>>> print(open('upload.tsv').read())   # TSV, C-alpha atoms
chain	number	residue	atom	x	y	z
A	1	MET	CA	31.83	-5.40	15.03
A	2	ALA	CA	35.31	-6.25	13.92
A	3	ASP	CA	37.26	-5.52	17.06
A	4	GLY	CA	40.62	-6.18	15.47
A	5	ASP	CA	40.32	-3.40	12.90
A	6	ASP	CA	41.62	-0.07	13.81
A	7	PHE	CA	39.83	3.11	12.90
A	8	TYR	CA	42.39	4.11	10.29
A	9	GLN	CA	42.04	0.76	8.56
A	10	ILE	CA	38.27	1.02	8.64
A	11	LEU	CA	38.44	4.36	6.85
A	12	GLY	CA	41.28	3.14	4.63
A	13	VAL	CA	43.61	6.02	5.42
A	14	PRO	CA	47.21	6.04	6.71
A	15	ARG	CA	47.81	6.96	10.33
A	16	ASP	CA	49.24	10.33	9.33
A	17	ALA	CA	46.26	11.24	7.15
A	18	SER	CA	45.11	14.83	7.24
A	19	GLN	CA	41.72	15.77	8.68
A	20	GLU	CA	40.63	16.45	5.11
A	21	ASP	CA	41.64	12.96	3.95
A	22	ILE	CA	39.75	11.45	6.86
A	23	GLN	CA	36.62	13.36	6.05
A	24	ARG	CA	36.84	12.47	2.37
A	25	ALA	CA	37.31	8.78	3.15
A	26	TYR	CA	34.38	8.79	5.54
A	27	ARG	CA	32.07	10.61	3.14
A	28	LYS	CA	32.83	8.08	0.42
A	29	LEU	CA	32.14	5.15	2.72
A	30	ALA	CA	28.95	6.78	4.00
A	31	ARG	CA	27.65	7.23	0.46
A	32	THR	CA	28.41	3.59	-0.30
A	33	TYR	CA	27.14	1.95	2.86
A	34	HIS	CA	24.38	4.19	4.22
A	35	PRO	CA	21.52	1.77	4.99
A	36	ASP	CA	19.07	3.78	2.89
A	37	VAL	CA	21.36	3.73	-0.12
A	38	ASN	CA	22.69	0.19	0.18
A	39	HIS	CA	20.12	-2.43	1.14
A	40	ASP	CA	22.65	-5.18	1.64
A	41	PRO	CA	22.33	-6.50	5.20
A	42	GLY	CA	26.07	-6.11	5.75
A	43	ALA	CA	26.08	-2.48	4.72
A	44	GLU	CA	24.67	-1.16	7.96
A	45	ASP	CA	27.53	-2.57	10.02
A	46	ARG	CA	30.12	-1.15	7.63
A	47	PHE	CA	28.38	2.21	7.86
A	48	LYS	CA	28.34	2.11	11.64
A	49	GLU	CA	31.99	1.12	11.82
A	50	ALA	CA	32.93	3.95	9.51
A	51	SER	CA	30.79	6.39	11.48
A	52	GLU	CA	32.32	5.28	14.73
A	53	ALA	CA	35.82	5.61	13.31
A	54	TYR	CA	35.06	9.01	11.85
A	55	ASP	CA	33.47	10.16	15.06
A	56	VAL	CA	36.75	9.58	16.85
A	57	LEU	CA	39.24	10.59	14.16
A	58	SER	CA	37.44	13.72	12.98
A	59	ASP	CA	38.01	15.46	16.28
A	60	PRO	CA	41.75	16.22	16.67
A	61	GLN	CA	41.57	15.83	20.43
A	62	THR	CA	39.87	12.43	20.50
A	63	ARG	CA	42.11	11.39	17.61
A	64	ARG	CA	45.21	12.20	19.68
A	65	ARG	CA	43.84	10.16	22.56
A	66	TYR	CA	42.95	7.30	20.22
A	67	ASP	CA	46.49	7.35	18.79
A	68	ALA	CA	47.91	7.22	22.29
A	69	PHE	CA	45.61	4.76	23.98
A	70	GLY	CA	43.95	2.77	21.23
A	71	ARG	CA	40.38	1.75	21.07
A	72	ASP	CA	39.76	1.94	24.82
A	73	PHE	CA	40.86	5.54	25.08
A	74	ARG	CA	37.56	6.49	26.65
A	75	GLN	CA	38.41	4.23	29.57
A	76	VAL	CA	41.69	5.98	30.20
A	77	PRO	CA	41.53	8.85	32.66
A	78	GLU	CA	42.10	12.27	31.09
A	79	ASP	CA	45.34	12.97	32.97
A	80	VAL	CA	47.23	9.80	32.10
A	81	ASP	CA	50.46	10.48	30.30
A	82	PRO	CA	50.63	8.59	26.99
A	83	GLU	CA	54.25	7.63	27.62
A	84	THR	CA	53.41	6.05	30.97
A	85	TRP	CA	50.55	4.23	29.32
A	86	ARG	CA	52.75	2.96	26.54
A	87	ARG	CA	55.36	1.70	28.95
A	88	ALA	CA	52.68	0.06	31.04
A	89	ARG	CA	51.47	-1.78	27.98
A	90	ALA	CA	54.95	-2.57	26.73
A	91	GLY	CA	55.20	-6.03	25.28
A	92	PRO	CA	54.90	-7.75	21.98
A	93	ARG	CA	52.12	-5.41	20.90
A	94	ALA	CA	53.67	-2.22	22.13
A	95	GLY	CA	53.03	0.71	19.88
A	96	ALA	CA	50.28	-1.04	17.98
A	97	GLY	CA	48.02	1.78	18.97
A	98	ALA	CA	44.80	0.04	18.33
A	99	GLY	CA	43.56	-3.11	19.88
A	100	ALA	CA	41.84	-4.06	23.04
A	101	GLY	CA	43.57	-3.29	26.28
A	102	ARG	CA	45.57	-6.18	27.61
A	103	GLY	CA	46.24	-6.34	31.29
A	104	GLY	CA	49.52	-4.49	31.50
A	105	PRO	CA	51.97	-4.62	34.37
A	106	GLY	CA	51.27	-1.02	35.20
A	107	GLY	CA	47.86	-1.73	36.55
A	108	PHE	CA	45.63	-0.67	33.67
A	109	SER	CA	43.61	-3.73	33.08
A	110	PHE	CA	40.50	-3.88	30.96
A	111	SER	CA	38.91	-6.73	29.20
A	112	GLU	CA	36.96	-6.20	26.05
A	113	ASP	CA	33.89	-7.35	27.90
A	114	ASP	CA	33.92	-4.19	29.93
A	115	ILE	CA	33.33	-1.99	26.96
A	116	ASP	CA	30.07	-1.74	25.22
A	117	LEU	CA	30.55	0.56	22.29
A	118	ASP	CA	26.84	0.96	21.89
A	119	ASP	CA	26.74	2.33	25.41
A	120	LEU	CA	29.54	4.69	24.64
A	121	LEU	CA	27.97	5.92	21.47
A	122	GLY	CA	24.42	5.79	22.66
A	123	GLY	CA	23.33	3.93	19.56
A	124	ILE	CA	24.88	5.11	16.38
A	125	PHE	CA	22.18	7.45	15.17
A	126	GLY	CA	21.09	8.85	18.47
A	127	GLY	CA	24.59	9.31	19.77
A	128	ARG	CA	26.75	10.24	16.90
A	129	PHE	CA	24.41	12.27	14.84
A	130	GLY	CA	22.69	13.96	17.68
A	131	GLY	CA	26.06	15.17	18.81
A	132	ALA	CA	26.26	18.78	19.86
A	133	ARG	CA	29.27	19.14	17.57
A	134	ARG	CA	26.88	19.22	14.66
A	135	GLY	CA	25.15	22.14	16.23
A	136	ARG	CA	21.81	20.40	16.22
A	137	GLY	CA	19.52	19.32	18.98
A	138	PRO	CA	19.41	15.64	19.84
A	139	VAL	CA	17.43	13.56	17.37
A	140	GLY	CA	14.73	11.34	18.72
A	141	PRO	CA	14.50	7.62	18.10
A	142	ILE	CA	14.83	6.75	14.40
A	143	PRO	CA	13.44	3.46	13.10
A	144	GLY	CA	15.89	1.19	11.29
A	145	ALA	CA	16.13	0.90	7.50
A	146	ASP	CA	14.77	-1.98	5.48
A	147	GLN	CA	17.34	-4.38	4.05
A	148	GLU	CA	17.36	-6.67	1.06
A	149	ALA	CA	19.13	-9.93	0.33
A	150	GLU	CA	18.77	-12.50	-2.40
A	151	ILE	CA	17.75	-16.07	-1.81
A	152	GLU	CA	18.15	-18.71	-4.50
A	153	LEU	CA	15.53	-21.41	-4.76
A	154	THR	CA	15.25	-24.40	-7.03
A	155	VAL	CA	12.16	-24.77	-9.19
A	156	GLU	CA	11.05	-27.61	-6.94
A	157	GLU	CA	11.36	-25.45	-3.81
A	158	ALA	CA	9.36	-22.69	-5.44
A	159	TYR	CA	6.71	-25.22	-6.41
A	160	ARG	CA	6.39	-26.92	-3.06
A	161	GLY	CA	7.24	-24.11	-0.68
A	162	GLY	CA	7.96	-25.05	2.92
A	163	ARG	CA	10.48	-24.19	5.57
A	164	ARG	CA	14.02	-23.43	4.71
A	165	SER	CA	17.00	-22.22	6.62
A	166	VAL	CA	18.70	-19.19	5.13
A	167	THR	CA	22.12	-17.98	6.20
A	168	LEU	CA	23.27	-14.51	5.40
A	169	SER	CA	26.89	-13.74	5.94
A	170	SER	CA	28.36	-10.33	5.70
A	171	ASP	CA	31.73	-9.21	6.96
A	172	GLY	CA	32.27	-12.29	9.03
A	173	THR	CA	28.97	-12.15	10.87
A	174	ARG	CA	26.45	-14.83	10.04
A	175	ARG	CA	22.77	-14.73	10.66
A	176	SER	CA	20.47	-17.68	10.15
A	177	PHE	CA	16.76	-17.54	9.62
A	178	ASP	CA	14.12	-20.20	9.36
A	179	VAL	CA	12.02	-18.92	6.52
A	180	THR	CA	8.67	-20.21	5.40
A	181	ILE	CA	8.64	-20.15	1.62
A	182	PRO	CA	5.09	-19.85	0.31
A	183	ALA	CA	4.29	-22.46	-2.32
A	184	GLY	CA	4.35	-20.85	-5.75
A	185	VAL	CA	6.78	-17.96	-5.19
A	186	THR	CA	7.97	-16.46	-8.43
A	187	ASP	CA	11.30	-15.04	-9.45
A	188	GLY	CA	11.75	-11.52	-8.15
A	189	GLN	CA	9.12	-11.82	-5.45
A	190	ARG	CA	10.04	-10.49	-2.03
A	191	ILE	CA	9.59	-12.40	1.20
A	192	ARG	CA	9.32	-10.06	4.15
A	193	LEU	CA	10.93	-10.91	7.48
A	194	ALA	CA	9.44	-8.34	9.80
A	195	GLY	CA	11.82	-6.79	12.28
A	196	GLN	CA	14.98	-8.43	10.86
A	197	GLY	CA	16.33	-5.35	9.09
A	198	GLY	CA	18.42	-2.46	10.30
A	199	ARG	CA	18.42	-1.55	13.95
A	200	GLY	CA	16.58	1.53	15.07
A	201	SER	CA	18.08	3.99	17.49
A	202	ASP	CA	16.89	4.59	21.05
A	203	GLY	CA	14.51	1.68	21.04
A	204	ALA	CA	12.80	2.68	17.79
A	205	ARG	CA	11.32	0.06	15.49
A	206	THR	CA	13.70	-2.26	13.64
A	207	GLY	CA	13.44	-2.31	9.86
A	208	ASP	CA	12.36	-5.32	7.82
A	209	LEU	CA	14.53	-7.72	5.88
A	210	TYR	CA	13.30	-8.57	2.40
A	211	LEU	CA	14.51	-11.75	0.74
A	212	ILE	CA	14.31	-11.39	-3.02
A	213	VAL	CA	13.60	-14.74	-4.61
A	214	ARG	CA	15.88	-15.89	-7.42
A	215	ILE	CA	14.91	-19.12	-9.11
A	216	ALA	CA	18.02	-21.04	-10.10
A	217	PRO	CA	18.23	-22.20	-13.72
A	218	HIS	CA	17.07	-25.78	-14.01
A	219	PRO	CA	18.27	-28.36	-16.54
A	220	ARG	CA	14.72	-29.43	-17.40
A	221	TYR	CA	12.32	-26.73	-16.30
A	222	ARG	CA	11.94	-23.19	-17.49
A	223	LEU	CA	9.72	-20.72	-15.67
A	224	ASP	CA	7.86	-17.72	-16.95
A	225	GLY	CA	6.05	-16.28	-13.97
A	226	ARG	CA	4.07	-19.27	-12.75
A	227	ASP	CA	3.98	-21.01	-16.14
A	228	LEU	CA	6.30	-23.96	-16.36
A	229	TYR	CA	7.88	-25.21	-19.59
A	230	VAL	CA	9.16	-28.76	-19.88
A	231	GLU	CA	10.68	-30.46	-22.87
A	232	LEU	CA	8.78	-33.56	-23.99
A	233	ARG	CA	10.93	-35.85	-26.10
A	234	LEU	CA	9.10	-37.94	-28.68
A	235	ALA	CA	10.01	-40.63	-31.14
A	236	PRO	CA	9.05	-39.76	-34.74
A	237	TRP	CA	6.28	-42.37	-34.80
A	238	GLU	CA	4.90	-41.16	-31.44
A	239	ALA	CA	4.74	-37.65	-32.82
A	240	ALA	CA	3.15	-38.77	-36.08
A	241	LEU	CA	0.65	-41.24	-34.64
A	242	GLY	CA	-0.09	-39.61	-31.30
A	243	THR	CA	0.60	-41.14	-27.92
A	244	SER	CA	0.19	-40.77	-24.22
A	245	ALA	CA	3.58	-40.00	-22.64
A	246	ALA	CA	4.68	-39.87	-19.00
A	247	LEU	CA	6.34	-36.60	-18.01
A	248	ASP	CA	8.12	-35.72	-14.76
A	249	THR	CA	7.01	-32.40	-13.29
A	250	PRO	CA	7.79	-30.77	-9.93
A	251	GLY	CA	4.38	-31.94	-8.77
A	252	GLY	CA	5.02	-35.55	-9.77
A	253	GLU	CA	4.55	-37.58	-12.90
A	254	VAL	CA	1.77	-36.58	-15.29
A	255	LYS	CA	0.39	-38.22	-18.43
A	256	VAL	CA	0.50	-36.02	-21.48
A	257	LYS	CA	-1.78	-36.83	-24.39
A	258	VAL	CA	0.16	-36.08	-27.55
A	259	PRO	CA	-2.18	-35.60	-30.51
A	260	ALA	CA	-1.33	-37.25	-33.82
A	261	GLY	CA	0.64	-35.02	-36.17
A	262	THR	CA	2.68	-33.20	-33.52
A	263	SER	CA	5.82	-31.47	-34.77
A	264	SER	CA	8.76	-30.24	-32.70
A	265	GLY	CA	7.99	-27.02	-30.88
A	266	ARG	CA	4.30	-27.71	-30.39
A	267	ARG	CA	3.23	-26.84	-26.88
A	268	ILE	CA	0.74	-29.03	-25.12
A	269	ARG	CA	-0.88	-27.12	-22.30
A	270	LEU	CA	-1.76	-28.75	-18.99
A	271	ALA	CA	-3.91	-26.15	-17.29
A	272	GLY	CA	-3.17	-25.51	-13.64
A	273	ARG	CA	-0.10	-27.80	-13.56
A	274	GLY	CA	2.38	-24.94	-13.28
A	275	LEU	CA	3.38	-23.23	-10.03
A	276	PRO	CA	0.54	-22.94	-7.53
A	277	ASN	CA	-0.73	-19.48	-6.74
A	278	PRO	CA	-1.60	-18.73	-3.12
A	279	ARG	CA	-3.83	-15.90	-4.29
A	280	GLY	CA	-5.59	-17.18	-7.36
A	281	LYS	CA	-5.17	-19.28	-10.43
A	282	ALA	CA	-2.21	-21.63	-10.61
A	283	GLY	CA	0.14	-21.37	-13.57
A	284	ASP	CA	0.01	-23.75	-16.52
A	285	LEU	CA	2.45	-26.41	-17.57
A	286	TYR	CA	3.55	-26.49	-21.19
A	287	ALA	CA	5.05	-29.69	-22.55
A	288	GLU	CA	7.16	-28.70	-25.56
A	289	ALA	CA	7.41	-31.44	-28.12
A	290	ARG	CA	10.88	-32.32	-29.40
A	291	ILE	CA	11.28	-35.13	-31.85
A	292	MET	CA	14.34	-37.31	-31.37
A	293	VAL	CA	15.70	-39.97	-33.69
A	294	PRO	CA	17.96	-42.89	-32.83
A	295	ALA	CA	21.63	-41.98	-33.34
A	296	ARG	CA	22.22	-45.39	-34.92
A	297	LEU	CA	19.54	-47.31	-36.72
A	298	SER	CA	19.16	-51.03	-36.57
A	299	ARG	CA	18.94	-52.86	-39.88
A	300	ALA	CA	15.13	-53.18	-39.55
A	301	GLU	CA	14.66	-49.54	-38.57
A	302	ARG	CA	16.72	-48.41	-41.52
A	303	ARG	CA	14.67	-50.56	-43.90
A	304	LEU	CA	11.42	-49.18	-42.52
A	305	PHE	CA	12.57	-45.56	-42.69
A	306	GLU	CA	13.73	-46.09	-46.26
A	307	GLN	CA	10.36	-47.56	-47.12
A	308	LEU	CA	8.67	-44.58	-45.47
A	309	ALA	CA	10.88	-42.18	-47.38
A	310	ALA	CA	9.96	-43.85	-50.65
A	311	GLU	CA	6.24	-43.92	-49.89
A	312	SER	CA	5.73	-40.48	-48.36
A	313	ASP	CA	5.34	-37.26	-50.31
A	314	PHE	CA	5.63	-35.16	-47.15
A	315	ASP	CA	7.94	-32.20	-47.60
A	316	PRO	CA	8.63	-30.34	-44.35
A	317	ARG	CA	10.36	-27.48	-46.25
A	318	LYS	CA	7.53	-26.79	-48.64
A	319	GLN	CA	6.06	-23.32	-48.20
A	320	ARG	CA	2.43	-23.47	-47.26
B	1	MET	CA	-17.25	5.36	27.36
B	2	SER	CA	-16.30	3.53	24.22
B	3	TYR	CA	-12.90	2.50	22.93
B	4	VAL	CA	-11.74	2.16	19.41
B	5	ILE	CA	-10.25	-1.29	19.08
B	6	VAL	CA	-9.17	-1.18	15.47
B	7	ARG	CA	-5.94	0.61	14.67
B	8	ALA	CA	-6.79	3.93	13.12
B	9	ALA	CA	-6.05	3.93	9.41
B	10	ARG	CA	-4.88	7.52	9.60
B	11	LEU	CA	-3.01	9.48	12.18
B	12	SER	CA	-3.65	12.95	13.48
B	13	LEU	CA	-0.80	15.45	13.54
B	14	GLU	CA	-0.34	14.86	17.26
B	15	GLU	CA	-0.32	11.07	16.95
B	16	PHE	CA	2.07	11.32	14.03
B	17	ALA	CA	4.35	13.59	16.05
B	18	VAL	CA	4.46	11.15	18.95
B	19	LEU	CA	5.13	8.12	16.76
B	20	SER	CA	7.78	9.78	14.64
B	21	GLY	CA	9.40	11.58	17.55
B	22	LEU	CA	9.29	14.90	15.71
B	23	HIS	CA	7.85	18.22	16.75
B	24	PRO	CA	4.46	19.02	15.17
B	25	ASP	CA	5.92	22.26	13.76
B	26	LEU	CA	8.64	20.32	11.98
B	27	ILE	CA	6.03	17.96	10.57
B	28	ARG	CA	4.03	20.90	9.26
B	29	ARG	CA	7.20	22.17	7.61
B	30	LEU	CA	7.85	18.80	6.00
B	31	VAL	CA	4.33	18.85	4.58
B	32	ALA	CA	4.82	22.39	3.31
B	33	LEU	CA	8.06	21.29	1.61
B	34	GLY	CA	6.22	18.40	-0.04
B	35	LEU	CA	8.43	15.84	1.68
B	36	ILE	CA	5.57	13.97	3.34
B	37	GLU	CA	2.00	13.60	2.24
B	38	GLY	CA	-0.59	15.08	4.60
B	39	HIS	CA	-4.32	15.35	4.01
B	40	ARG	CA	-6.34	18.28	5.23
B	41	ASP	CA	-9.92	17.62	6.29
B	42	ALA	CA	-12.79	20.11	6.06
B	43	ALA	CA	-11.91	21.51	9.50
B	44	GLY	CA	-8.35	22.18	8.34
B	45	ALA	CA	-6.74	19.47	10.50
B	46	LEU	CA	-3.86	17.46	9.09
B	47	TRP	CA	-4.06	13.68	8.77
B	48	PHE	CA	-1.35	11.22	7.82
B	49	SER	CA	-1.27	7.67	6.59
B	50	ARG	CA	0.79	5.23	8.61
B	51	SER	CA	3.18	4.60	5.71
B	52	GLU	CA	4.46	8.15	6.04
B	53	LEU	CA	6.17	7.12	9.28
B	54	ALA	CA	8.65	5.02	7.34
B	55	ALA	CA	9.21	7.88	4.91
B	56	VAL	CA	9.95	10.24	7.78
B	57	ALA	CA	12.32	7.73	9.38
B	58	ARG	CA	14.27	7.44	6.15
B	59	MET	CA	14.56	11.22	5.93
B	60	GLN	CA	15.86	11.32	9.48
B	61	ARG	CA	18.50	8.71	8.71
B	62	LEU	CA	19.58	10.46	5.53
B	63	ARG	CA	19.70	13.82	7.25
B	64	ALA	CA	21.76	12.38	10.07
B	65	GLY	CA	24.08	10.38	7.82
B	66	PHE	CA	24.87	13.01	5.21
B	67	ALA	CA	24.15	16.31	6.95
B	68	LEU	CA	21.61	17.12	4.23
B	69	ASN	CA	19.13	19.93	4.35
B	70	TYR	CA	15.50	19.15	3.72
B	71	ALA	CA	15.49	20.40	0.12
B	72	ALA	CA	18.33	18.01	-0.68
B	73	ILE	CA	16.57	15.20	1.15
B	74	GLY	CA	13.59	15.60	-1.17
B	75	LEU	CA	15.85	15.13	-4.17
B	76	VAL	CA	17.69	12.18	-2.62
B	77	THR	CA	14.51	10.33	-1.65
B	78	ASP	CA	13.02	10.92	-5.10
B	79	LEU	CA	16.17	9.56	-6.73
B	80	LEU	CA	16.32	6.56	-4.40
B	81	ASP	CA	12.69	5.76	-5.21
B	82	ARG	CA	13.38	6.03	-8.92
B	83	ILE	CA	16.40	3.76	-8.59
B	84	ALA	CA	14.27	1.22	-6.72
B	85	VAL	CA	11.73	1.20	-9.56
B	86	LEU	CA	14.46	0.86	-12.19
B	87	GLU	CA	16.17	-1.96	-10.30
B	88	ALA	CA	12.88	-3.82	-10.02
B	89	ALA	CA	12.31	-3.39	-13.76
B	90	LEU	CA	15.85	-4.56	-14.47
B	91	ARG	CA	15.33	-7.65	-12.35
B	92	ALA	CA	12.09	-8.39	-14.19
B	93	ALA	CA	13.82	-7.96	-17.55
B	94	GLN	CA	16.72	-10.22	-16.59
B	95	ARG	CA	14.24	-12.79	-15.43
B	96	ARG	CA	12.45	-12.78	-18.79
B	97	GLY	CA	15.73	-12.90	-20.64
B	98	ARG	CA	16.79	-16.14	-19.04
>>> encode(input="upload.tsv", output="structure tokens")
Amino acid sequence: MADGDDFYQILGVPRDASQEDIQRAYRKLARTYHPDVNHDPGAEDRFKEASEAYDVLSDPQTRRRYDAFGRDFRQVPEDVDPETWRRARAGPRAGAGAGAGRGGPGGFSFSEDDIDLDDLLGGIFGGRFGGARRGRGPVGPIPGADQEAEIELTVEEAYRGGRRSVTLSSDGTRRSFDVTIPAGVTDGQRIRLAGQGGRGSDGARTGDLYLIVRIAPHPRYRLDGRDLYVELRLAPWEAALGTSAALDTPGGEVKVKVPAGTSSGRRIRLAGRGLPNPRGKAGDLYAEARIMVPARLSRAERRLFEQLAAESDFDPRKQR
Amino acid sequence: MSYVIVRAARLSLEEFAVLSGLHPDLIRRLVALGLIEGHRDAAGALWFSRSELAAVARMQRLRAGFALNYAAIGLVTDLLDRIAVLEAALRAAQRRGR
């Protein structure tokens, strides 16, 4: 909870906003940040802040007391005169309205530690929404909403799996998780962290946090599901005569047998060498042939290529 | 005396009411409105699958957050579900496009 923000700032309205403006601002924020509409882990806190602010500012009487006493207005006895209070708090922050109570010379002294907003509100859903002002009976415990966040993995991490620390930051609060990545996760897959989602009210079940896997683009590897594509660079003579070439893959070096007469674009399949599959067949690895020529030829190479050009009747552009 | 050790795959109306914190009459109404899926057995008793608890919780949150009536909640949950499907398809398409 951002203690420094005042309720008007949270709703984004001026201090002299009309009740209508306040309601409009709150409704807009609620539609944007309601935990069932917005699965971002930070959304729930924004929603609760806005609800808390609206709860106070939507009632003219509590709004007046908030304006007079700031965020701790609930701690101020009903019969305290705002002017006395203001004078008691006089100092560099006088008139700021919001803010935690500082020990003033007049004897009102609260520290922020004394106030537990959750206690005051009785949990945001149970307290605020069950409020008699809505003319409804109290709602029972409501389980928390599920949340979603993205997690970016390298191809190698997706291949190997293993433990990884994930930090989610939203609105200044950071949460860290130690997540076990299953070997062979694919792009778009969701990793469920049970009980790490939105808070429930009145002791109800917490929602789950889903990490959606994004596989970062890789300079050498391309993924399609669990199939892995790797470029295999060949010299013209290797491609023409066939060879056995070493190829780096996420699982280590493999030998690829290149058949004679391989042109660029040919895919050589290595079954089961793609991403592993915890529940079945592993993906395949495809080595894609790409023929490279030396940028500068030595005298001997040039002579040999010229000889080849004179001898050969191969025409790669001839229609077959 | 024997005890069932396995968690029941389906919940009776009473069990569902306790777990969701709602009155059985309200649950019957939600079934009648087509907002939650209930199965009637030969004896006419209502049974629920456990996954409906999450659906009910979402309705509660939406109702509380937006002051919606139950007819509107049906529309909102349907739309949210459709958006979820579309977003998943979009993610899959972006993935293939890369």
>>> interface_residues(input="upload.tsv", of="chain B", to="chain A", cutoff="12 Å", atoms="all atoms listed in the file", output="PyMOL selection string")
chain B and resi 17-23+53-68+73+76-77+79-81+83-84+87-98
>>> residues_near_point(input="upload.tsv", point="(23.7, -13.8, 9.6)", cutoff="12 Å", atoms="only C-alpha atoms", output="PDB file with C-alpha atoms, in the frame of the given file")
ATOM      1  CA  ASP A  40      22.650  -5.180   1.640  1.00  0.00           C
ATOM      2  CA  PRO A  41      22.330  -6.500   5.200  1.00  0.00           C
ATOM      3  CA  GLY A  42      26.070  -6.110   5.750  1.00  0.00           C
ATOM      4  CA  ASP A  45      27.530  -2.570  10.020  1.00  0.00           C
ATOM      5  CA  ALA A 149      19.130  -9.930   0.330  1.00  0.00           C
ATOM      6  CA  SER A 165      17.000 -22.220   6.620  1.00  0.00           C
ATOM      7  CA  VAL A 166      18.700 -19.190   5.130  1.00  0.00           C
ATOM      8  CA  THR A 167      22.120 -17.980   6.200  1.00  0.00           C
ATOM      9  CA  LEU A 168      23.270 -14.510   5.400  1.00  0.00           C
ATOM     10  CA  SER A 169      26.890 -13.740   5.940  1.00  0.00           C
ATOM     11  CA  SER A 170      28.360 -10.330   5.700  1.00  0.00           C
ATOM     12  CA  ASP A 171      31.730  -9.210   6.960  1.00  0.00           C
ATOM     13  CA  GLY A 172      32.270 -12.290   9.030  1.00  0.00           C
ATOM     14  CA  THR A 173      28.970 -12.150  10.870  1.00  0.00           C
ATOM     15  CA  ARG A 174      26.450 -14.830  10.040  1.00  0.00           C
ATOM     16  CA  ARG A 175      22.770 -14.730  10.660  1.00  0.00           C
ATOM     17  CA  SER A 176      20.470 -17.680  10.150  1.00  0.00           C
ATOM     18  CA  PHE A 177      16.760 -17.540   9.620  1.00  0.00           C
ATOM     19  CA  ASP A 178      14.120 -20.200   9.360  1.00  0.00           C
ATOM     20  CA  GLN A 196      14.980  -8.430  10.860  1.00  0.00           C
ATOM     21  CA  GLY A 197      16.330  -5.350   9.090  1.00  0.00           C
ATOM     22  CA  LEU A 209      14.530  -7.720   5.880  1.00  0.00           C
TER      23      LEU A 209
END
>>> closest_residue(input="upload.tsv", among="B:Ser49, B:Ala71, B:Val31, B:Arg82", to="Phe16 in chain B", atoms="all atoms listed in the file")
B:Ser49
>>> atom_distance(input="upload.tsv", atom1="CA of Ala287 in chain A", atom2="CA of Arg190 in chain A")
28.5 Å
>>> closest_residue(input="upload.tsv", among="B:Leu13, B:Ala72, B:Leu86, B:Ala45", to="Ile27 in chain B", atoms="only C-alpha atoms")
B:Leu13
>>> atom_distance(input="upload.tsv", atom1="CA of Phe73 in chain A", atom2="CA of Pro60 in chain A")
13.6 Å
>>> atom_distance(input="upload.tsv", atom1="CA of Lys281 in chain A", atom2="CA of Arg269 in chain A")
14.9 Å
>>> axis_aligned_box(input="upload.tsv", around="range 254-268 of chain A", padding_each_side="8 Å", output="AutoDock Vina command-line options")
--center_x 3.3 --center_y -32.5 --center_z -25.7 --size_x 26.9 --size_y 27.4 --size_z 36.9
>>> residues_near_point(input="upload.tsv", point="(-1.1, -35.9, -35.8)", cutoff="8 Å", atoms="only C-alpha atoms", output="PyMOL selection string")
chain A and resi 239-242+259-262
>>> decode(input="upload.tsv", residues="range 202-217 of chain A", atoms="C-alpha atoms", output="short mmCIF file (atom, residue, chain, number, x, y, z; two decimals), in the first residue's frame")
data_model
loop_
_atom_site.label_atom_id
_atom_site.label_comp_id
_atom_site.auth_asym_id
_atom_site.auth_seq_id
_atom_site.Cartn_x
_atom_site.Cartn_y
_atom_site.Cartn_z
CA ASP A 202 -12.35 -13.30 5.47
CA GLY A 203 -9.88 -16.13 5.33
CA ALA A 204 -11.16 -17.51 2.02
CA ARG A 205 -8.83 -19.30 -0.37
CA THR A 206 -6.15 -17.27 -2.13
CA GLY A 207 -6.16 -17.36 -5.93
CA ASP A 208 -3.37 -18.84 -8.04
CA LEU A 209 -0.64 -17.02 -9.91
CA TYR A 210 -0.02 -18.22 -13.44
CA LEU A 211 3.30 -17.49 -15.09
CA ILE A 212 2.91 -17.46 -18.85
CA VAL A 213 6.09 -18.65 -20.50
CA ARG A 214 7.60 -16.48 -23.21
CA ILE A 215 10.62 -17.90 -24.98
CA ALA A 216 13.03 -15.12 -25.86
CA PRO A 217 14.20 -14.94 -29.47
#
